Amino acid sequence: MKELSILMGGQAGDGIRQAGNTVARLLNRLGYRIFFYDDYPSLIRGGHNFSIVRAADKKIRAHKENVDLILAMNQETVKRHRWRLKAGGEVIFDSGKVETQGIGLPFKEILREHQGAPIMRNTAAIGALAGHLGIDWEVVAEVIRDTIARSKETNLKIARTAFENTVDSGQKIDRAGAPAVPLLTGNEAIAIGAVKAGLNMYIAYPMTPASSILHYLASHEDDLNVVTIHPENEIGVALMALGAAYTGARVMVGTSGGGFALMTEAVSLAGQAEIPLVFVECQRAGPSTGVPTYTMQADLSFVLHSGHGEFLRVLMAPGDVEEAFYLTALALNLAWKFQIPAFILSDKHLSESTSSFEGDPAEIGPQPPISWDGSGEYKRYRQTEDGISPLAFPGTRDAVVKVTSYEHDEHGITTEEPDEITRMQGKRLKKLEKLKSELGRQELVKVYGNPRAERALICWGSTKGACIEVAEELDLRVIQPLLLEPFPMNEMVKALSGVKTLIDVEVNATGQLSSLLATKGIKADRKVLRYDGRPFTIDSLKNDLKEVL
Amino acid sequence: MKELSILMGGQAGDGIRQAGNTVARLLNRLGYRIFFYDDYPSLIRGGHNFSIVRAADKKIRAHKENVDLILAMNQETVKRHRWRLKAGGEVIFDSGKVETQGIGLPFKEILREHQGAPIMRNTAAIGALAGHLGIDWEVVAEVIRDTIARSKETNLKIARTAFENTVDSGQKIDRAGAPAVPLLTGNEAIAIGAVKAGLNMYIAYPMTPASSILHYLASHEDDLNVVTIHPENEIGVALMALGAAYTGARVMVGTSGGGFALMTEAVSLAGQAEIPLVFVECQRAGPSTGVPTYTMQADLSFVLHSGHGEFLRVLMAPGDVEEAFYLTALALNLAWKFQIPAFILSDKHLSESTSSFEGDPAEIGPQPPISWDGSGEYKRYRQTEDGISPLAFPGTRDAVVKVTSYEHDEHGITTEEPDEITRMQGKRLKKLEKLKSELGRQELVKVYGNPRAERALICWGSTKGACIEVAEELDLRVIQPLLLEPFPMNEMVKALSGVKTLIDVEVNATGQLSSLLATKGIKADRKVLRYDGRPFTIDSLKNDLKEVL
Amino acid sequence: MMGKKDLKTYAENTWCPGCGNFGILNALMASIEDLNEEDGIEPERFVLASGIGCHAKIVDYVNVNSFYSIHGRVAPTISGIKLANPELVVIGHAGDGDAYGEGIAHLIFAAKRNINVTFIVHDNRVYGLTTGQFTPTSPTGFKGRSTPKGSPEEPFNPLELLLSAGATFVARGYTAHMKRLTALIKAAVRHHGFSFIEVLQPCFTFFNTYKFYNEQVYDLFDKGHDPKDLGAALEMAREWSYGMDGRVATGIFYQVQKPTYEERLLGERIPVGMNPGRLEAVLKAHT
Amino acid sequence: MMGKKDLKTYAENTWCPGCGNFGILNALMASIEDLNEEDGIEPERFVLASGIGCHAKIVDYVNVNSFYSIHGRVAPTISGIKLANPELVVIGHAGDGDAYGEGIAHLIFAAKRNINVTFIVHDNRVYGLTTGQFTPTSPTGFKGRSTPKGSPEEPFNPLELLLSAGATFVARGYTAHMKRLTALIKAAVRHHGFSFIEVLQPCFTFFNTYKFYNEQVYDLFDKGHDPKDLGAALEMAREWSYGMDGRVATGIFYQVQKPTYEERLLGERIPVGMNPGRLEAVLKAHT
Ligand SMILES: Cc1ncc(C[n+]2csc(CCOP(=O)(O)OP(=O)(O)O)c2C)c(N)n1
Ligand SMILES: Cc1ncc(C[n+]2csc(CCOP(=O)(O)OP(=O)(O)O)c2C)c(N)n1
Ligand code: SF4
Ligand code: SF4
Ligand SMILES: [Mg+2]
Ligand SMILES: [Mg+2]
């Protein structure tokens, strides 16, 4: 595999993420596949941010500890990251701010020459990087034009000066040949997945790392035909969403653990009233406020069991941008078909890392729910064979559409009669049968690495990225359930066939997937857990696996 | 076993529960042990309420479908319940309102004679009942004096008239010999258990079936030295409680599923900040508003996994009034010793049914937490061998007490450093070892019935009541875990030894205890579930068991 | 044309005899009939929503679209309905515990946004369904089941709060004055913006206030109050501070015209009728 | 005696250069020093609490007891602290998103109850820590990350709301006027009842309002405003409606003396010092 890793580091406010994005685009245009990790503390200016852009000539979903190049905007970056530099690697730095060995350029002077704003230091860095890698200027110029919104010409001049002042290393980076594809964060993929499945409204209260779904959809309202709303709090979010879904709008809400906690009463309401709604929960390091800009996979049990009482739900955990796209679309369609709450469990690492997106959006569209045919008296909770009552919405002639949080009869009128209670609870739970057969048509458990290896890693969500590459190297199998509820037992048994040693890999402190597996009679032999807020890198996972293999 | 069951029925507003209470007291004073079930819909006037008081000469924890006597305040009662009457049973009724066979008395006239208020019809009924059973008037008079707060003399006269106008059936009820003991609802037992363990404040927002804890403690504030607060909503409740606990007050909060949902963010905060707090969750039939005055055991999974992120907790499920008392006291002491959230899971059937209380409150007292000794610099989150950091409270000289929802260092200052995150999460989870050994000294799994039987019922919470008597009759074993988290594996294995057929009995639709057991590798062979909002009676359980035994 | 018969469901009414809620139910049904007849609002365009409490049962009794929501959440529920389809006529029913206790945040924001819905509070100044605890509008010292020694809080004045929050239609009605209440509901529905009606609704069982209101309630209209005058509205609102004495004004305190939330947020868009957007160009920009 | 040095922790300050929060931090530390010296309040009796947001970091920077709570929940957190031990001096710090968005219900009830704590809002009129969304006090049309086309809501006026809710001390400060802000904080702590201070706190990064405030802010004291006059207080509060124009008053708008919540609720009781009650008699009554 041909690959290249570049680290950019500086303070919050230096535009490190933006710089990483530009570098990723550059390499994308050269035909590379990208994985781009962004590490930042919870503050607005100062502190230390860094991004690692990894590019390769095949699909990748994780980053490595070591890098080929460092773009250092400040001394701190060199201090913290120099150890990462591979043999033959280089540091490109602002010689006005940083003292180190490598390729230093006077960014300040370059900026002054073109009357650039301080934030444009990273444009200079990118110019230097491109010069060092011998990238054609046309490509650089095009990417800068496409990615930088303001003062394009100034930026171009700055990049050009840095580009020309950097000696070509001779290690010219080749075009990898593949066509450029969209670069998406997990959250962007979630957003467009929902849009493709017919999303009408996205309602959310800001919370890292879910906020960027709101920001993205809000800034694309008109392109994507979505109404976005930012209400007073998460309870308002969830109830507005249920009100809108009752009225016939396809709605999604998004938040992180603490905000989701406030929605759990609404989850139960969705269950009782049979109102379709998709909840996106982007996990971060908890408990409580925890480490808000860092990653964790510790809300699985919470979301799985959220809401009092018993009702059907779908919970899916995408592990890469393609899955984020497809599964969110699937969640919306299933929620509507079965009139149930559906959950997308993401995490900071998936939600905010950027990857090459190789999905095909054309495949996906909104699937119509089961609708009232207009004949006879409308009963919102009509008993049917499969438990699904045809939908009608307020505004429909001759239909009186009554939904309720109380136990109820077929018309949606409150009941306290024991037989009716049993029947209605039965009706709601009965939908499971049809849901399972519908799900049977999807790929629910993925297998990577050596599908016949006797040693297997089992993982969920973003952790798959590191697992796959490590498995390829160490000749292991990787098993990743996409669906966690209803649990895809058949597919899991198939995926596990022949496995002698099962190693659970999770970014949490207790191994929540292994607890879930245990309820199904599947026992993980060992657990490899990380819970310092950082995702597994390929190197760190390999290292941790040494101890258990 | 000598036993007697009496059903009282009428409209909401007829004082059916109050009448049941008086009857229960009468039989209590005669030396019987009591179980008293109260069935009422969610309305204030009208509808149909009924109570069943069952009395026996040994401890009982459940009621039966059939009764010896019916006190009918209206025709509806006869219509609905006559089928329950055993051979030789009688209906005592208000002949002005009800047409049926049995012992009719003109309540209205009796009330008019003594200028009684309409609610005093049930005093007349009680007088008639006592006359019918040949109870000494002195006992009746004493109970009426003790239980009826207002217009004692009028009530006495009414009871006396009815008493004298009822022919003694000749089936005079004997004194059972045992001394009278307190009659408590589950909620009252929870309240006094907490008080015995040093409760300073009870904070709650009303919600059936938890409200009566608030009402009880509020009306006994001065006797019991407890401050009660009813704030604006459940989020306010939980956060006020955490503020108070941080400050050194022993606090408990109580609610039902929907209100608890709103507290789940605070649960996680308690976990991160290591603030002791007891949450009482009185389950009712859900999902959502559901059937609010009826019972269910369907919030186990929700409460067990409530709160985002991973942290230690204790979850206990009392099944009778003695357990409600002891376990609540234990929960409060453990919460404080380990600085963790603790949960008491009750349900409408336990919380609102009344039983003879045979516990010994003298055994229980507040256990002091591990406190700062005043030496050296105070660090709220000091790393210690067992993970427990000594407590100090604001107002302590030379101690700066900082708690936080963020991940933090030993002083309670925010951290985002990977190593510190790992260490602190480790510290919090490490407390499990000591917690387990502390718990080891308690009875955590109870066994009833034939302890050597190969067929066992496994159940939790209030369902134990019906299970025990059925097991005694059918020669089964009954296994009841009191502690559900941390799961008492050793004790459970011991309790299960020799069991060939394990039958899970729960008042829910999916069998949540059996799911929990599955995570521990314990498989229930069959499930007997009821989810119509009603508890198992001895008869209904026996009937349902027929199909699986 | 709708008749009262069409507007009733088969659900058994379980309010206590003498409950003030009957007055609201009757006024609501009369309003719906009139709005259908006079304004041509088709039956299927009405949507009711309620919280949890005695008041909330009203949705079970009226045969139009309804969302029987959860305690405290009437405001976001009706907001979601209106925003998904602004062509609907949406009326929320909340209790005082519901709207002023559990749900006050949402109510304030609904007023702030001026979303074009009607919000009716059944203010019995007690938690009825949970058997009689004090609420934010109970008088100080109210002896309820959570405060047997008397409530330690002064009530707040919801009219003042709502005026401060920016409500564009603020009124108070009384259940025993059915005709006037009906007129208020109709005016509220016809108001283009957020309409708030606080209804004095005696709870026969836990807080019987009939006598007090019968003696003290009067109508602002008779007094020549100008509902366009915010200062006067505030003054009239402050005339009675939810104790058990003093004159109690009813009628429209304040009414003003402002752009509604859905106009500002949606423009011409109607979410339930929107087609999925096209991704191609958006994705292209991501390469 | 406490010095500024004792009041600082080792935590690294991570506010942006130019952030208005520095002014609040300095005023707070100066107030604590003075209250210690002038009123003899021992250091250990101070307790701070905060929500989540940029503002909230303040508790990490001050070396006194603190509870770094969760977003929107400052009011119940400080209420619990005060009720458990009324001898403590409790000061809450909240953001505008925190106090007026997520947590408005609690704030209104803290004011309604007149609990004797101090509540300071760091009102930068933007969600700082989550990178710039509109809040309840952002001007209409504010282009934040959740409203790139401009906020579709009018701001509400927190002073008006708090006055309507029954707050007994309502003030506004400005971070650039450090001395006056310090005086306000001290007056608030000394006030016997619920003290609310809204602090105009420019967010240098997402909503730089320095220029506007520097030009428009004036002090009520200089104007001879009488803080005992509720009508005048409301009028002054309504003078500026959180747009980007008009004069902006600071100082004490309103102050009045009323019984506090803890006096009414607790009487002489101090929960942290209470001994368990005795069960015998109570249980006896259950037989
Ligand atoms: C989250 C939540 N908390 C508490 C309850 C319990 N509850 C049901 S109705 C009610 C009070 C109702 O009072 P109000 O809104 O004034 O209505 P009323 O019965 O007086 O009409 C409460 C607290 C609930 N259903 N949900
Ligand atoms: C329940 C919950 N929802 C959302 C968040 C995310 N969050 C953290 S800070 C913040 C906004 C802070 O804004 P503000 O209170 O104005 O504080 P500032 O940063 O401006 O000081 C939000 C929404 C959270 N922590 N908890
Ligand atoms: S309790 Fe009060 S509000 Fe509820 S139905 Fe009865 S009278 Fe009406
Ligand atoms: S983002 Fe704004 S409020 Fe937050 S620290 Fe920076 S300047 Fe201050
Ligand atoms: Mg009420
Ligand atoms: Mg702010």
# chains A, B, ... in the order shown; residues from 1 in each chain; ligands from 1
>>> residues_around(residues="region 164-175 of chain A", least_positions_apart="4", cutoff="6 Å", atoms="only C-alpha atoms", output="VMD selection string")
chain A and resid 30 to 31 128 131 to 134
>>> residues_near_ligand(ligand="ligand 5", cutoff="6 Å", atoms="only C-alpha atoms and all ligand atoms", output="number ranges by chain")
C: 95-97, 123-128
>>> residues_around(residues="Val199 (chain C)", least_positions_apart="4", cutoff="8 Å", atoms="only C-alpha atoms", output="ChimeraX atom specification")
/C:120-123,172-175
>>> select_by_dssp(residues="region 192-259 of chain A", states="helix (DSSP H, G or I)", output="ChimeraX atom specification")
/A:192-196,211-219,221-224,234-246,257-259
>>> interface_residues(of="chain B", to="chain D", cutoff="6 Å", atoms="only C-alpha atoms", output="list of chain:residue names")
B:Val181, B:Pro182, B:Leu183, B:Gly198, B:Asn200, B:Leu224, B:Asn225, B:Gly236, B:Leu239, B:Met240, B:Ala241, B:Gly243, B:Ala244, B:Thr247, B:Gly248, B:Ala249, B:Gly395, B:Arg397, B:Val400, B:Val401, B:Lys402, B:Val403, B:Thr404, B:Ser405, B:Ile413
>>> write_last_selection(atoms="N, CA and C atoms", output="compact mmCIF listing (two decimals), in the first residue's frame")
# COMPACT_ATOMS: atom_id res chain seq x y z
N VAL B 181 -48.94 -5.62 64.67
CA VAL B 181 -47.68 -5.02 64.21
C VAL B 181 -48.04 -3.84 63.31
N PRO B 182 -47.09 -2.99 62.99
CA PRO B 182 -47.43 -1.87 62.11
C PRO B 182 -47.85 -2.37 60.73
N LEU B 183 -48.83 -1.73 60.17
CA LEU B 183 -49.20 -2.00 58.78
C LEU B 183 -48.58 -0.91 57.92
N GLY B 198 -30.59 7.76 58.34
CA GLY B 198 -30.10 9.12 58.49
C GLY B 198 -30.54 10.11 57.44
N ASN B 200 -31.79 13.15 55.62
CA ASN B 200 -32.04 14.54 56.01
C ASN B 200 -33.08 15.23 55.13
N LEU B 224 -40.15 12.86 62.12
CA LEU B 224 -39.06 12.06 61.56
C LEU B 224 -37.82 12.89 61.25
N ASN B 225 -37.87 14.16 61.54
CA ASN B 225 -36.71 15.02 61.28
C ASN B 225 -36.24 14.97 59.84
N GLY B 236 -35.04 19.49 38.29
CA GLY B 236 -34.76 20.31 39.47
C GLY B 236 -34.59 19.43 40.71
N LEU B 239 -31.11 17.67 40.61
CA LEU B 239 -29.97 18.57 40.77
C LEU B 239 -29.94 19.22 42.15
N MET B 240 -31.10 19.56 42.67
CA MET B 240 -31.15 20.05 44.05
C MET B 240 -30.58 18.99 44.98
N ALA B 241 -30.98 17.76 44.73
CA ALA B 241 -30.54 16.67 45.58
C ALA B 241 -29.03 16.52 45.52
N GLY B 243 -26.88 18.87 44.75
CA GLY B 243 -26.31 20.02 45.44
C GLY B 243 -26.32 19.80 46.95
N ALA B 244 -27.41 19.29 47.46
CA ALA B 244 -27.54 19.08 48.89
C ALA B 244 -26.60 17.97 49.37
N THR B 247 -23.17 19.00 49.74
CA THR B 247 -23.03 19.84 50.93
C THR B 247 -23.07 19.02 52.22
N GLY B 248 -23.39 17.74 52.09
CA GLY B 248 -23.32 16.87 53.26
C GLY B 248 -24.65 16.36 53.76
N ALA B 249 -25.73 16.69 53.09
CA ALA B 249 -27.04 16.18 53.54
C ALA B 249 -27.32 14.83 52.90
N GLY B 395 -17.71 24.38 53.98
CA GLY B 395 -17.85 24.87 55.34
C GLY B 395 -16.77 24.30 56.26
N ARG B 397 -13.14 23.96 57.52
CA ARG B 397 -11.93 24.80 57.49
C ARG B 397 -10.79 24.13 56.76
N VAL B 400 -10.87 22.86 50.52
CA VAL B 400 -11.55 23.41 49.36
C VAL B 400 -12.14 22.22 48.62
N VAL B 401 -13.45 22.14 48.62
CA VAL B 401 -14.13 20.95 48.12
C VAL B 401 -14.69 21.23 46.74
N LYS B 402 -14.06 20.64 45.74
CA LYS B 402 -14.47 20.92 44.36
C LYS B 402 -14.97 19.64 43.70
N VAL B 403 -16.24 19.64 43.33
CA VAL B 403 -16.77 18.51 42.57
C VAL B 403 -17.12 18.98 41.17
N THR B 404 -17.19 18.05 40.24
CA THR B 404 -17.34 18.46 38.85
C THR B 404 -17.90 17.37 37.96
N SER B 405 -18.60 17.81 36.92
CA SER B 405 -19.15 16.89 35.92
C SER B 405 -18.12 16.55 34.84
N ILE B 413 -10.10 19.53 39.37
CA ILE B 413 -9.91 20.49 38.27
C ILE B 413 -9.96 19.71 36.95
>>> residues_around(residues="Gly20 (chain A)", least_positions_apart="6", cutoff="8 Å", atoms="only C-alpha atoms", output="JSON list (two decimals) with N, CA and C atoms, in the first residue's frame")
[["chain", "number", "residue", "atom", "x", "y", "z"],
["A", 8, "MET", "N", -0.73, 18.18, 11.22],
["A", 8, "MET", "CA", -0.70, 19.62, 11.37],
["A", 8, "MET", "C", -0.97, 19.95, 12.82],
["A", 36, "PHE", "N", -8.88, 11.23, 8.07],
["A", 36, "PHE", "CA", -8.37, 12.48, 8.62],
["A", 36, "PHE", "C", -8.94, 12.63, 10.02],
["A", 51, "SER", "N", -4.20, 17.73, 13.72],
["A", 51, "SER", "CA", -4.92, 16.88, 12.78],
["A", 51, "SER", "C", -3.92, 15.94, 12.14],
["A", 52, "ILE", "N", -4.35, 14.73, 11.89],
["A", 52, "ILE", "CA", -3.51, 13.81, 11.12],
["A", 52, "ILE", "C", -4.28, 13.41, 9.87],
["A", 53, "VAL", "N", -3.71, 13.76, 8.71],
["A", 53, "VAL", "CA", -4.30, 13.33, 7.45],
["A", 53, "VAL", "C", -3.49, 12.14, 6.95]]
